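Below is start-v8.txt, holding compact mmCIF, C-alpha atoms.
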```txt
# COMPACT_ATOMS: atom_id res chain seq x y z
CA TRP A 1 119.84 97.25 -3.89
CA ILE A 2 120.18 99.86 -1.12
CA GLU A 3 122.09 97.32 0.97
CA PHE A 4 124.29 96.45 -2.03
CA ILE A 5 125.07 100.14 -2.63
CA ILE A 6 126.08 100.49 1.03
CA LEU A 7 128.30 97.39 0.70
CA ILE A 8 130.08 98.72 -2.40
CA GLY A 9 130.28 102.21 -0.89
CA MET A 10 132.07 100.93 2.22
CA ILE A 11 134.50 98.94 0.05
CA LEU A 12 135.27 101.94 -2.18
CA ILE A 13 135.79 104.30 0.76
CA GLY A 14 137.94 101.73 2.57
CA SER A 15 140.11 101.09 -0.49
CA GLN A 16 140.74 104.82 -0.83
CA MET A 17 141.79 105.03 2.83
CA LYS A 18 144.44 102.30 2.26
CA GLY A 19 145.90 100.16 5.08
CA ILE A 20 143.29 99.13 7.63
CA GLY A 21 140.70 101.31 5.85
CA LEU A 22 138.88 98.31 4.39
CA GLY A 23 138.58 96.73 7.81
CA VAL A 24 137.23 99.74 9.68
CA MET A 25 134.82 100.70 6.89
CA GLY A 26 133.66 97.10 6.77
CA MET A 27 132.73 97.44 10.43
CA VAL A 28 130.84 100.66 9.66
CA GLY A 29 128.88 98.82 6.99
CA LEU A 30 128.23 95.90 9.35
CA LEU A 31 126.94 98.30 11.99
CA ILE A 32 124.50 99.81 9.47
CA PHE A 33 123.35 96.34 8.39
CA ILE A 34 122.73 95.26 11.99
CA ILE A 35 121.12 98.44 13.35
CA VAL A 36 119.24 99.78 10.32
CA PHE A 37 118.43 96.64 8.30
CA LYS A 38 118.21 94.24 11.27
CA MET A 39 120.55 91.71 9.64
CA LYS A 40 121.77 88.83 11.77
CA PRO A 41 125.60 88.90 11.62
CA THR A 42 127.44 85.80 10.49
CA ASP A 43 130.41 84.39 12.37
CA PRO A 44 133.55 86.52 11.96
CA PRO A 45 136.17 85.06 9.56
CA LEU A 46 138.42 83.72 12.31
CA ASP A 47 139.75 80.88 10.13
CA VAL A 48 141.29 83.21 7.53
CA MET A 49 142.56 85.59 10.21
CA LEU A 50 144.36 82.75 12.01
CA ILE A 51 145.86 81.50 8.75
CA ILE A 52 147.14 84.98 7.86
CA MET A 53 148.68 85.38 11.32
CA ALA A 54 150.43 82.00 11.16
CA ILE A 55 151.69 82.20 7.58
CA VAL A 56 152.85 85.83 7.72
CA THR A 57 154.62 85.25 11.04
CA THR A 58 156.56 82.40 9.44
CA ALA A 59 157.39 84.50 6.38
CA ALA A 60 158.50 87.34 8.67
CA THR A 61 160.78 84.91 10.53
CA LEU A 62 162.27 83.88 7.20
CA GLN A 63 162.82 87.57 6.44
CA ALA A 64 164.38 88.34 9.83
CA SER A 65 166.73 85.35 9.61
CA GLY A 66 168.04 86.47 6.21
CA GLY A 67 166.29 83.74 4.22
CA LEU A 68 164.41 86.17 1.99
CA ASP A 69 167.66 88.02 1.25
CA TYR A 70 169.19 84.74 0.14
CA LEU A 71 166.23 83.99 -2.14
CA VAL A 72 166.36 87.50 -3.59
CA ARG A 73 170.09 87.10 -4.27
CA LEU A 74 169.44 83.89 -6.20
CA ALA A 75 166.65 85.58 -8.15
CA GLU A 76 168.84 88.57 -8.93
CA ARG A 77 171.56 86.33 -10.40
CA ILE A 78 168.98 84.62 -12.62
CA ILE A 79 167.60 87.96 -13.84
CA ARG A 80 171.06 89.41 -14.55
CA SER A 81 172.23 86.24 -16.31
CA ASN A 82 170.29 86.94 -19.52
CA PRO A 83 169.29 90.64 -19.69
CA SER A 84 168.20 90.43 -23.34
CA ASN A 85 165.28 88.17 -22.36
CA ILE A 86 164.37 89.98 -19.14
CA THR A 87 160.72 90.38 -20.24
CA PHE A 88 160.37 86.61 -19.90
CA ILE A 89 162.99 85.73 -17.28
CA ALA A 90 162.05 88.37 -14.69
CA PRO A 91 158.33 87.54 -14.33
CA PHE A 92 158.92 83.79 -14.09
CA THR A 93 161.68 84.34 -11.54
CA VAL A 94 159.29 86.51 -9.54
CA TYR A 95 156.49 83.96 -9.93
CA PHE A 96 158.42 81.00 -8.53
CA LEU A 97 159.93 83.11 -5.75
CA CYS A 98 156.49 84.35 -4.62
CA LEU A 99 155.00 80.87 -5.10
CA PHE A 100 157.59 79.56 -2.66
CA ALA A 101 157.35 82.41 -0.16
CA GLY A 102 153.56 82.80 -0.30
CA THR A 103 153.72 86.60 -0.39
CA ALA A 104 153.79 89.14 -3.22
CA HIS A 105 155.67 91.68 -1.13
CA ILE A 106 159.00 90.00 -1.81
CA VAL A 107 158.83 91.54 -5.29
CA TYR A 108 159.81 94.94 -3.84
CA SER A 109 163.40 93.72 -3.60
CA LEU A 110 163.48 92.68 -7.25
CA LEU A 111 161.70 95.62 -8.91
CA PRO A 112 164.71 98.00 -8.78
CA ILE A 113 166.92 95.23 -10.22
CA ILE A 114 164.48 94.60 -13.07
CA ALA A 115 164.22 98.33 -13.77
CA GLU A 116 168.00 98.78 -13.74
CA VAL A 117 168.86 95.76 -15.91
CA SER A 118 166.21 96.55 -18.54
CA ALA A 119 167.12 100.25 -18.74
CA LYS A 120 170.80 99.46 -19.10
CA LYS A 121 169.95 97.02 -21.91
CA ARG A 122 167.67 99.71 -23.43
CA ILE A 123 164.62 97.46 -23.06
CA ARG A 124 161.55 99.44 -22.10
CA PRO A 125 161.28 98.78 -18.32
CA GLU A 126 157.49 98.96 -18.49
CA ARG A 127 157.48 95.54 -20.17
CA PRO A 128 159.24 93.37 -17.54
CA LEU A 129 158.09 95.49 -14.60
CA SER A 130 154.37 95.33 -15.42
CA ILE A 131 154.23 91.59 -16.03
CA SER A 132 156.51 90.89 -13.02
CA VAL A 133 154.06 92.67 -10.72
CA ILE A 134 151.23 90.57 -12.16
CA ALA A 135 153.40 87.46 -11.65
CA SER A 136 153.83 88.29 -7.97
CA HIS A 137 150.04 88.37 -7.59
CA VAL A 138 149.03 85.25 -9.52
CA ALA A 139 151.69 83.23 -7.69
CA LEU A 140 149.53 83.45 -4.57
CA THR A 141 146.71 81.45 -6.16
CA GLY A 142 148.33 78.05 -5.90
CA SER A 143 151.03 78.67 -3.30
CA PRO A 144 150.57 76.39 -0.27
CA MET A 145 152.01 79.22 1.87
CA SER A 146 149.50 81.87 0.76
CA ALA A 147 146.54 82.91 2.88
CA ALA A 148 144.27 83.01 -0.18
CA THR A 149 145.03 79.40 -1.15
CA ALA A 150 144.62 78.26 2.45
CA ALA A 151 141.27 80.06 2.63
CA LEU A 152 140.02 78.27 -0.49
CA VAL A 153 141.16 74.92 0.92
CA VAL A 154 139.07 75.57 4.04
CA ILE A 155 136.06 76.70 1.99
CA LEU A 156 136.13 73.67 -0.32
CA GLY A 157 136.55 71.35 2.66
CA THR A 158 137.19 68.32 0.46
CA GLN A 159 139.93 65.73 0.82
CA GLY A 160 142.98 66.65 -1.24
CA ALA A 161 141.68 70.18 -1.94
CA LEU A 162 145.14 71.73 -1.58
CA VAL A 163 146.71 69.34 -4.08
CA ASN A 164 143.83 69.89 -6.53
CA ILE A 165 144.28 73.67 -6.29
CA MET A 166 148.02 73.35 -6.94
CA MET A 167 147.56 70.89 -9.82
CA ILE A 168 145.11 73.21 -11.60
CA CYS A 169 146.20 76.72 -10.66
CA ILE A 170 149.98 76.42 -10.91
CA PRO A 171 150.15 75.17 -14.54
CA ALA A 172 147.21 77.41 -15.52
CA CYS A 173 148.89 80.50 -14.08
CA ILE A 174 152.25 79.59 -15.64
CA ILE A 175 150.67 79.34 -19.09
CA GLY A 176 148.67 82.52 -18.45
CA LEU A 177 151.84 84.29 -17.35
CA LEU A 178 153.63 83.21 -20.53
CA LEU A 179 150.83 84.70 -22.63
CA GLY A 180 151.00 87.80 -20.45
CA CYS A 181 154.71 88.11 -21.28
CA PHE A 182 153.92 88.00 -24.99
CA SER A 183 151.26 90.69 -24.51
CA VAL A 184 153.90 93.18 -23.33
CA PHE A 185 156.85 91.93 -25.41
CA LYS A 186 156.56 94.87 -27.82
CA LYS A 187 154.45 97.19 -25.66
CA GLY A 188 155.17 100.89 -26.20
CA VAL A 189 157.95 102.45 -28.24
CA GLU A 190 161.51 101.22 -27.85
CA LEU A 191 163.33 102.96 -25.02
CA ASN A 192 165.85 104.66 -27.30
CA ASN A 193 162.94 106.19 -29.24
CA ASP A 194 160.95 107.26 -26.18
CA PRO A 195 160.87 111.09 -26.10
CA VAL A 196 160.61 111.15 -22.29
CA PHE A 197 163.69 108.94 -21.91
CA ILE A 198 165.61 110.88 -24.56
CA GLU A 199 164.93 114.12 -22.70
CA LYS A 200 166.00 112.61 -19.38
CA MET A 201 169.24 111.27 -20.86
CA LYS A 202 170.30 114.84 -21.64
CA ASP A 203 170.99 115.17 -17.92
CA PRO A 204 174.56 113.79 -17.41
CA GLU A 205 173.85 112.73 -13.84
CA PHE A 206 170.75 110.77 -14.86
CA ALA A 207 172.56 109.18 -17.81
CA ASN A 208 175.41 108.11 -15.52
CA THR A 209 173.06 106.42 -13.04
CA ILE A 210 171.29 104.57 -15.86
CA ASN A 211 174.50 103.33 -17.46
CA SER A 212 176.49 102.52 -14.31
CA GLY A 213 174.00 100.47 -12.28
CA ASN A 214 174.76 98.57 -9.07
CA GLU A 215 175.70 95.15 -10.39
CA GLY A 216 177.94 93.13 -8.14
CA LYS A 217 177.25 95.06 -4.92
CA GLU A 218 175.93 92.23 -2.76
CA THR A 219 175.27 92.63 0.95
CA GLU A 220 176.57 89.99 3.35
CA LEU A 221 174.01 87.33 4.20
CA LYS A 222 173.22 86.30 7.76
CA SER A 223 174.82 83.04 8.81
CA GLY A 224 171.54 81.17 9.17
CA ALA A 225 169.92 82.37 5.92
CA LYS A 226 170.23 79.09 4.01
CA THR A 227 169.15 77.05 7.01
CA ALA A 228 166.03 79.21 7.37
CA VAL A 229 165.13 78.63 3.72
CA LEU A 230 165.55 74.87 4.20
CA ILE A 231 163.25 74.90 7.26
CA PHE A 232 160.69 76.99 5.37
CA ALA A 233 160.82 74.54 2.46
CA CYS A 234 160.27 71.62 4.84
CA ALA A 235 157.16 73.37 6.20
CA ILE A 236 155.78 73.70 2.66
CA VAL A 237 156.39 70.00 1.97
CA LEU A 238 154.71 68.98 5.22
CA ILE A 239 151.63 71.12 4.48
CA VAL A 240 151.31 69.62 0.98
CA ILE A 241 151.70 66.07 2.34
CA ALA A 242 149.12 66.73 5.06
CA GLY A 243 146.72 68.12 2.47
CA ALA A 244 147.27 65.22 0.07
CA PHE A 245 147.15 62.43 2.66
CA PRO A 246 144.93 63.58 5.56
CA SER A 247 144.61 59.97 6.75
CA ILE A 248 148.16 60.08 8.14
CA LEU A 249 147.13 62.75 10.64
CA PRO A 250 145.59 61.89 14.03
CA HIS A 251 141.80 61.47 14.13
CA PHE A 252 139.66 62.25 17.13
CA GLU A 253 136.17 61.47 18.31
CA ALA A 254 133.48 62.79 15.96
CA GLY A 255 131.48 65.71 17.22
CA GLU A 256 130.69 69.34 16.55
CA LYS A 257 132.92 71.08 14.00
CA SER A 258 135.37 73.65 15.36
CA LEU A 259 138.27 75.69 14.02
CA ALA A 260 140.68 72.87 14.91
CA VAL A 261 138.69 69.66 14.34
CA ASN A 262 136.14 68.71 11.68
CA ALA A 263 132.84 67.04 12.50
CA ASP A 264 134.29 63.64 11.53
CA GLY A 265 137.19 64.05 13.99
CA SER A 266 139.88 64.96 11.42
CA LEU A 267 142.09 68.00 11.83
CA THR A 268 141.08 71.11 9.86
CA MET A 269 143.53 72.72 7.45
CA VAL A 270 143.45 75.81 9.68
CA ALA A 271 144.95 73.74 12.49
CA VAL A 272 147.40 71.91 10.21
CA ILE A 273 148.72 75.06 8.54
CA SER A 274 148.91 77.04 11.79
CA VAL A 275 150.76 74.33 13.72
CA ILE A 276 153.23 73.50 10.96
CA THR A 277 154.06 77.10 9.99
CA LEU A 278 154.48 78.41 13.53
CA THR A 279 156.54 75.34 14.48
CA ALA A 280 158.76 76.12 11.48
CA SER A 281 158.97 79.71 12.70
CA ALA A 282 160.11 78.50 16.12
CA ALA A 283 162.70 76.19 14.53
CA MET A 284 164.09 79.07 12.45
CA MET A 285 164.41 81.29 15.52
CA LEU A 286 166.09 78.60 17.64
CA ILE A 287 168.44 77.14 15.04
CA THR A 288 169.47 80.40 13.33
CA LYS A 289 169.45 82.35 16.63
CA THR A 290 167.00 84.91 15.25
CA SER A 291 165.48 87.03 18.01
CA THR A 292 161.74 87.39 18.42
CA THR A 293 162.23 91.17 18.44
CA SER A 294 163.73 91.15 14.96
CA VAL A 295 160.77 89.07 13.72
CA SER A 296 158.21 91.47 15.18
CA LYS A 297 160.06 94.40 13.56
CA ALA A 298 160.18 92.76 10.10
CA THR A 299 158.17 94.60 7.44
CA LEU A 300 156.14 91.48 6.65
CA PHE A 301 155.12 91.13 10.29
CA THR A 302 154.00 94.74 10.58
CA SER A 303 151.93 94.37 7.41
CA MET A 304 150.08 91.46 9.02
CA ALA A 305 148.03 93.72 11.28
CA SER A 306 146.66 95.60 8.30
CA ALA A 307 145.77 92.36 6.51
CA VAL A 308 144.05 90.85 9.55
CA VAL A 309 142.00 93.97 10.29
CA SER A 310 141.01 94.32 6.63
CA VAL A 311 139.85 90.72 6.38
CA PHE A 312 138.08 90.96 9.75
CA GLY A 313 135.92 93.94 8.77
CA ILE A 314 135.31 93.57 5.05
CA VAL A 315 134.67 89.81 5.02
CA TRP A 316 132.38 89.95 8.05
CA MET A 317 130.32 92.72 6.44
CA SER A 318 130.22 90.96 3.06
CA SER A 319 129.30 87.54 4.42
CA THR A 320 126.51 89.08 6.49
CA PHE A 321 125.14 90.79 3.38
CA MET A 322 125.46 87.60 1.32
CA ARG A 323 123.59 85.43 3.82
CA ALA A 324 120.83 88.00 4.38
CA ASN A 325 120.24 88.25 0.63
CA ASN A 326 121.07 84.64 -0.25
CA ASP A 327 117.72 83.84 -1.89
CA THR A 328 117.74 87.01 -4.00
CA ILE A 329 121.34 86.45 -5.15
CA GLN A 330 120.70 82.82 -6.05
CA HIS A 331 117.55 83.76 -7.96
CA ALA A 332 119.38 86.48 -9.89
CA LEU A 333 122.60 84.59 -10.64
CA GLY A 334 121.81 80.92 -10.14
CA GLU A 335 120.51 80.04 -13.61
CA ILE A 336 123.16 81.86 -15.66
CA VAL A 337 126.02 80.69 -13.43
CA SER A 338 124.84 77.06 -13.54
CA GLN A 339 124.75 77.17 -17.37
CA TYR A 340 127.89 79.27 -17.82
CA PRO A 341 130.15 78.80 -14.76
CA TRP A 342 132.80 81.15 -16.18
CA THR A 343 130.41 84.10 -15.72
CA PHE A 344 130.98 83.85 -11.97
CA ALA A 345 134.62 84.74 -12.69
CA ILE A 346 133.46 88.22 -13.74
CA ALA A 347 131.79 88.79 -10.37
CA VAL A 348 134.90 87.57 -8.51
CA PHE A 349 137.12 89.75 -10.72
CA ILE A 350 135.07 92.87 -9.95
CA MET A 351 135.02 92.18 -6.22
CA GLY A 352 138.76 91.50 -6.20
CA ALA A 353 139.40 94.83 -7.90
CA LEU A 354 137.50 96.60 -5.13
CA MET A 355 138.80 94.67 -2.12
CA PHE A 356 142.59 94.80 -2.75
CA SER A 357 142.94 91.45 -0.94
CA GLN A 358 143.08 87.97 -2.42
CA ALA A 359 142.24 86.32 0.89
CA ALA A 360 139.28 88.64 1.57
CA THR A 361 137.91 88.17 -1.94
CA THR A 362 138.28 84.39 -1.66
CA LYS A 363 136.55 84.26 1.69
CA THR A 364 133.74 86.53 0.45
CA MET A 365 133.02 85.14 -3.01
CA MET A 366 133.88 81.44 -3.01
CA PRO A 367 131.17 80.46 -0.49
CA LEU A 368 128.72 82.26 -2.81
CA GLY A 369 129.99 80.12 -5.69
CA ILE A 370 129.32 76.99 -3.64
CA ALA A 371 125.83 78.27 -2.80
CA LEU A 372 125.19 78.82 -6.52
CA GLY A 373 126.03 75.17 -7.17
CA LEU A 374 129.44 75.53 -8.81
CA PRO A 375 131.58 72.37 -8.56
CA PRO A 376 135.03 72.53 -6.91
CA ALA A 377 136.81 72.25 -10.28
CA ALA A 378 135.05 75.39 -11.55
CA LEU A 379 135.80 77.34 -8.36
CA ILE A 380 139.48 76.37 -8.56
CA ALA A 381 139.62 77.41 -12.23
CA ILE A 382 138.04 80.76 -11.34
CA PHE A 383 140.39 81.22 -8.36
CA PRO A 384 143.03 83.32 -10.24
CA THR A 385 140.46 86.10 -10.74
CA VAL A 386 140.90 87.13 -7.08
CA ASN A 387 144.17 88.71 -8.28
CA SER A 388 142.35 91.61 -9.94
CA ASP A 389 143.74 94.08 -7.39
CA PHE A 390 145.77 95.63 -10.23
CA VAL A 391 142.70 97.17 -11.92
CA LEU A 392 142.68 100.27 -9.71
CA PRO A 393 146.35 101.36 -9.55
CA GLY A 394 146.54 101.81 -5.81
CA TYR A 395 148.08 98.50 -4.77
CA PRO A 396 151.59 98.93 -3.26
CA THR A 397 153.34 96.61 -5.74
CA LEU A 398 152.05 98.66 -8.69
CA LEU A 399 153.06 101.97 -7.12
CA ALA A 400 156.49 100.58 -6.27
CA ALA A 401 157.08 99.47 -9.88
CA ILE A 402 156.10 102.94 -11.14
CA ASN A 403 158.45 104.62 -8.66
CA PHE A 404 161.40 102.33 -9.40
CA ASP A 405 161.18 102.97 -13.16
CA ARG A 406 163.31 106.09 -13.51
CA THR A 407 162.78 106.16 -17.28
CA GLY A 408 159.10 107.01 -16.78
CA SER A 409 157.84 104.24 -19.08
CA THR A 410 155.78 102.53 -16.34
CA LYS A 411 152.91 104.84 -15.53
CA ILE A 412 149.27 105.47 -14.70
CA GLY A 413 147.30 106.62 -17.74
CA LYS A 414 145.26 109.77 -18.18
CA PHE A 415 142.05 107.83 -17.48
CA VAL A 416 143.53 106.05 -14.40
CA ILE A 417 142.60 102.51 -15.48
CA ASN A 418 144.60 102.68 -18.74
CA HIS A 419 147.84 102.02 -16.85
CA SER A 420 150.84 99.82 -17.63
CA PHE A 421 149.50 96.79 -15.74
CA MET A 422 146.01 96.51 -17.22
CA ILE A 423 146.75 94.59 -20.45
CA PRO A 424 149.21 92.04 -18.98
CA GLY A 425 146.95 91.54 -15.97
CA ILE A 426 143.79 90.85 -17.96
CA VAL A 427 145.60 88.62 -20.46
CA THR A 428 147.30 86.59 -17.72
CA ILE A 429 144.20 86.08 -15.58
CA ALA A 430 141.77 85.43 -18.45
CA SER A 431 144.19 82.88 -19.93
CA ALA A 432 144.76 81.24 -16.53
CA VAL A 433 141.01 80.85 -15.97
CA ALA A 434 140.47 79.34 -19.43
CA ILE A 435 143.38 76.92 -18.99
CA GLY A 436 142.17 76.14 -15.46
CA PHE A 437 138.75 75.06 -16.75
CA LEU A 438 140.49 72.88 -19.34
CA ILE A 439 142.81 71.22 -16.81
CA GLY A 440 140.00 70.82 -14.30
CA SER A 441 137.85 69.00 -16.83
CA PHE A 442 140.53 66.29 -17.06
CA LEU A 443 141.65 66.11 -13.42
CA LEU A 444 138.39 66.44 -11.46
```
For the file at hand, write its structure as structure tokens.
Amino acid sequence: WIEFIILIGMILIGSQMKGIGLGVMGMVGLLIFIIVFKMKPTDPPLDVMLIIMAIVTTAATLQASGGLDYLVRLAERIIRSNPSNITFIAPFTVYFLCLFAGTAHIVYSLLPIIAEVSAKKRIRPERPLSISVIASHVALTGSPMSAATAALVVILGTQGALVNIMMICIPACIIGLLLGCFSVFKKGVELNNDPVFIEKMKDPEFANTINSGNEGKETELKSGAKTAVLIFACAIVLIVIAGAFPSILPHFEAGEKSLAVNADGSLTMVAVISVITLTASAAMMLITKTSTTSVSKATLFTSMASAVVSVFGIVWMSSTFMRANNDTIQHALGEIVSQYPWTFAIAVFIMGALMFSQAATTKTMMPLGIALGLPPAALIAIFPTVNSDFVLPGYPTLLAAINFDRTGSTKIGKFVINHSFMIPGIVTIASAVAIGFLIGSFLL
């Protein structure tokens, strides 16, 4: 229990520090475990770190070449096409965009558009903004270009794991997201009756900015934007094909398992994803004439360092704790989890809320699920619970949505956790897990 308190303490302090805080505090915790409690450290999570580096570099190349701008423009047109139904159209547009790109950070470009369109239509912006942020998160559990999905594929280590994850998580999250939309459809008072908005509209300058908007002001796309999107799409297709039909890939002499080759001589998904994504990145740079400097200066690329350091420290500390206390954990949780697999989702949900990282939570908790005897179908169904980083309102996407809502309807509550994102987040994830178990029972 003392070791567990230290583990949670390091996670809480690191989450408050933001950025690389989780990583450095994870190393502090690991140091205490090694020196004070004489724990033998596990291997560092190099597989997830390599996947994050490869995938984010490719996404950053797409951003630098103008491909993300092109995708955002398409999404903006869809959102503006039917403003009356923005509470449903916006989150699904965000979901499929983030599912394709493999990153939730693309939502930053759409949040001001969602806020503007809904306010102009006098729809409470809290409704589409809150569920759109949740959509950007749950899209990562099922996206072949997300580090979290890739991490689960590596952990499961079964043939066709990527396809199984996509077949269960994507429809489950879509249905969960639809129910999440209904949960906020009438949330809060109507904008015209909101006393805060009424007071703000008394300011002529504020009223003018709300009513005028920026519709139609499109920036010029880079010449290679569409080509970059096509190359990125080809990379996704190749990864899915490689995951579905591993027999088409070269096989080598059986031997000791490594990061690149499995014990049976087949290529690991770490190697497959890294080679395909970085090759796609090179193709985008060469064909669209995107400089390496512009890629390294892209916001997605700079965010990669924080993600890698965070995963490095927090996962290494957590996995060391888990292995050192494996017998105790299995004794405490084994029986109830074996009888009621869904109870493990609660543990994953809590850890995800503390870690602020889907990939780190996946790498930390899913091996524990395997150790507790949960079948792959159950772990895949539980997978969406790693998106619980909305519980504590410190994640950048939540803060961005609050800041972009000039009407003040999207907010953090008096008790911190009673914020605009809590209800749609819980409804979406709980529904996705339930539907995931149902789909998994038929497919696997």
Cut-off 6 Å: closest segment 46-146 of chain A/segment 289-301 of chain A atom pairs per residue, using only C-alpha atoms, as a tab-separated table:
```
residue	atom	partner	partner_atom	distance
A:Thr57	CA	A:Phe301	CA	5.9
A:Ala60	CA	A:Leu300	CA	5.2
A:Thr61	CA	A:Val295	CA	5.2
A:Ala64	CA	A:Val295	CA	5.4
A:Ser65	CA	A:Thr290	CA	5.7
```
List as number ranges by chain the protein and nucleic acid residues near segment 137-145 of chain A, meaning an atom at most 9 Å away when all atoms listed in the file are counted, but skip any in the same chain fewer than 3 places from it.
A: 55-56, 59, 94-104, 132-134, 148-150, 162-163, 165-170, 173-174, 177, 235-237, 239-240, 273, 277, 358, 383-390, 428-429
Please list as a ChimeraX atom specification every residue within 8 Å of Ile175 of chain A, counting only C-alpha atoms and excluding residues in the same chain fewer than 5 positions away.
/A:431-432,435
Dump as a PDB file, in the coordinates of the input, selection limited to C-alpha atoms:
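The file below, result_8.pdb, is the result:
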```
ATOM      1  CA  SER A 431     144.190  82.880 -19.930  1.00  0.00           C
ATOM      2  CA  ALA A 432     144.760  81.240 -16.530  1.00  0.00           C
ATOM      3  CA  ILE A 435     143.380  76.920 -18.990  1.00  0.00           C
TER       4      ILE A 435
END
```
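The gap separating atom CA of Ile11 of chain A from atom CA of Met355 of chain A is 6.4 Å, in Å to one decimal.
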Give as a ChimeraX atom specification every residue, naming chains and numbers as the document does, that has an atom within 12 Å of (126.1, 82.8, -3.0), counting all atoms listed in the file.
/A:318-334,337,344,347-348,363-374
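The spacing separating atom CA of Leu249 of chain A from atom CA of Val229 of chain A amounts to 25.0 Å.
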Coordinates-based distance that separates atom CA of Thr58 of chain A from atom CA of Leu278 of chain A (Å, one decimal):
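Straight-line distance from atom CA of Leu278 of chain A to atom CA of Thr58 of chain A works out to 6.1 Å.
With all atoms listed in the file as the atoms that count, the minimum distance from Phe88 of chain A to the choices A:Phe185, A:Tyr395, A:Phe404, A:Phe197 is reached by A:Phe185.
Nearest residue to Gly440 of chain A, choosing from A:Ser109, A:Ser136, A:Asn164, A:Ser303 and counting only C-alpha atoms: A:Asn164.
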Which one is closest to Pro125 of chain A: A:Gly9, A:Gly408, A:Pro393, A:Pro424? Count all atoms listed in the file.
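Nearest candidate to Pro125 of chain A out of A:Gly9, A:Gly408, A:Pro393, A:Pro424: A:Gly408.
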Which polymer residues have any atom within 8 Å of an atom of Thr227 of chain A, counting all atoms listed in the file, with same-chain residues fewer than 4 positions away left out, as a ChimeraX atom specification?
/A:67,231,284,288
Considering all atoms listed in the file, can you say which of A:Pro396, A:Gly19, A:Pro45, A:Gly224 comes closest to Ala360 of chain A?
A:Pro45
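Of the residues under consideration (A:Glu3, A:Ile52, A:Ile423, A:Ala283), A:Glu3 shows the shortest atom-to-atom contact distance to Ile34 of chain A when counting all atoms listed in the file.
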Which residue of A:Val36, A:Val391, A:Val117, A:Ala260 approaches Ile426 of chain A most closely, using all atoms listed in the file
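Answer, going by the shortest atom-to-atom distance: A:Val391.
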Residues at most 10 Å from Glu76 of chain A, counting all atoms listed in the file, excluding those fewer than 2 positions away in the same chain, as a VMD selection string?
chain A and resid 70 to 74 78 to 81 90 93 to 94 109 to 110 113 to 114 215
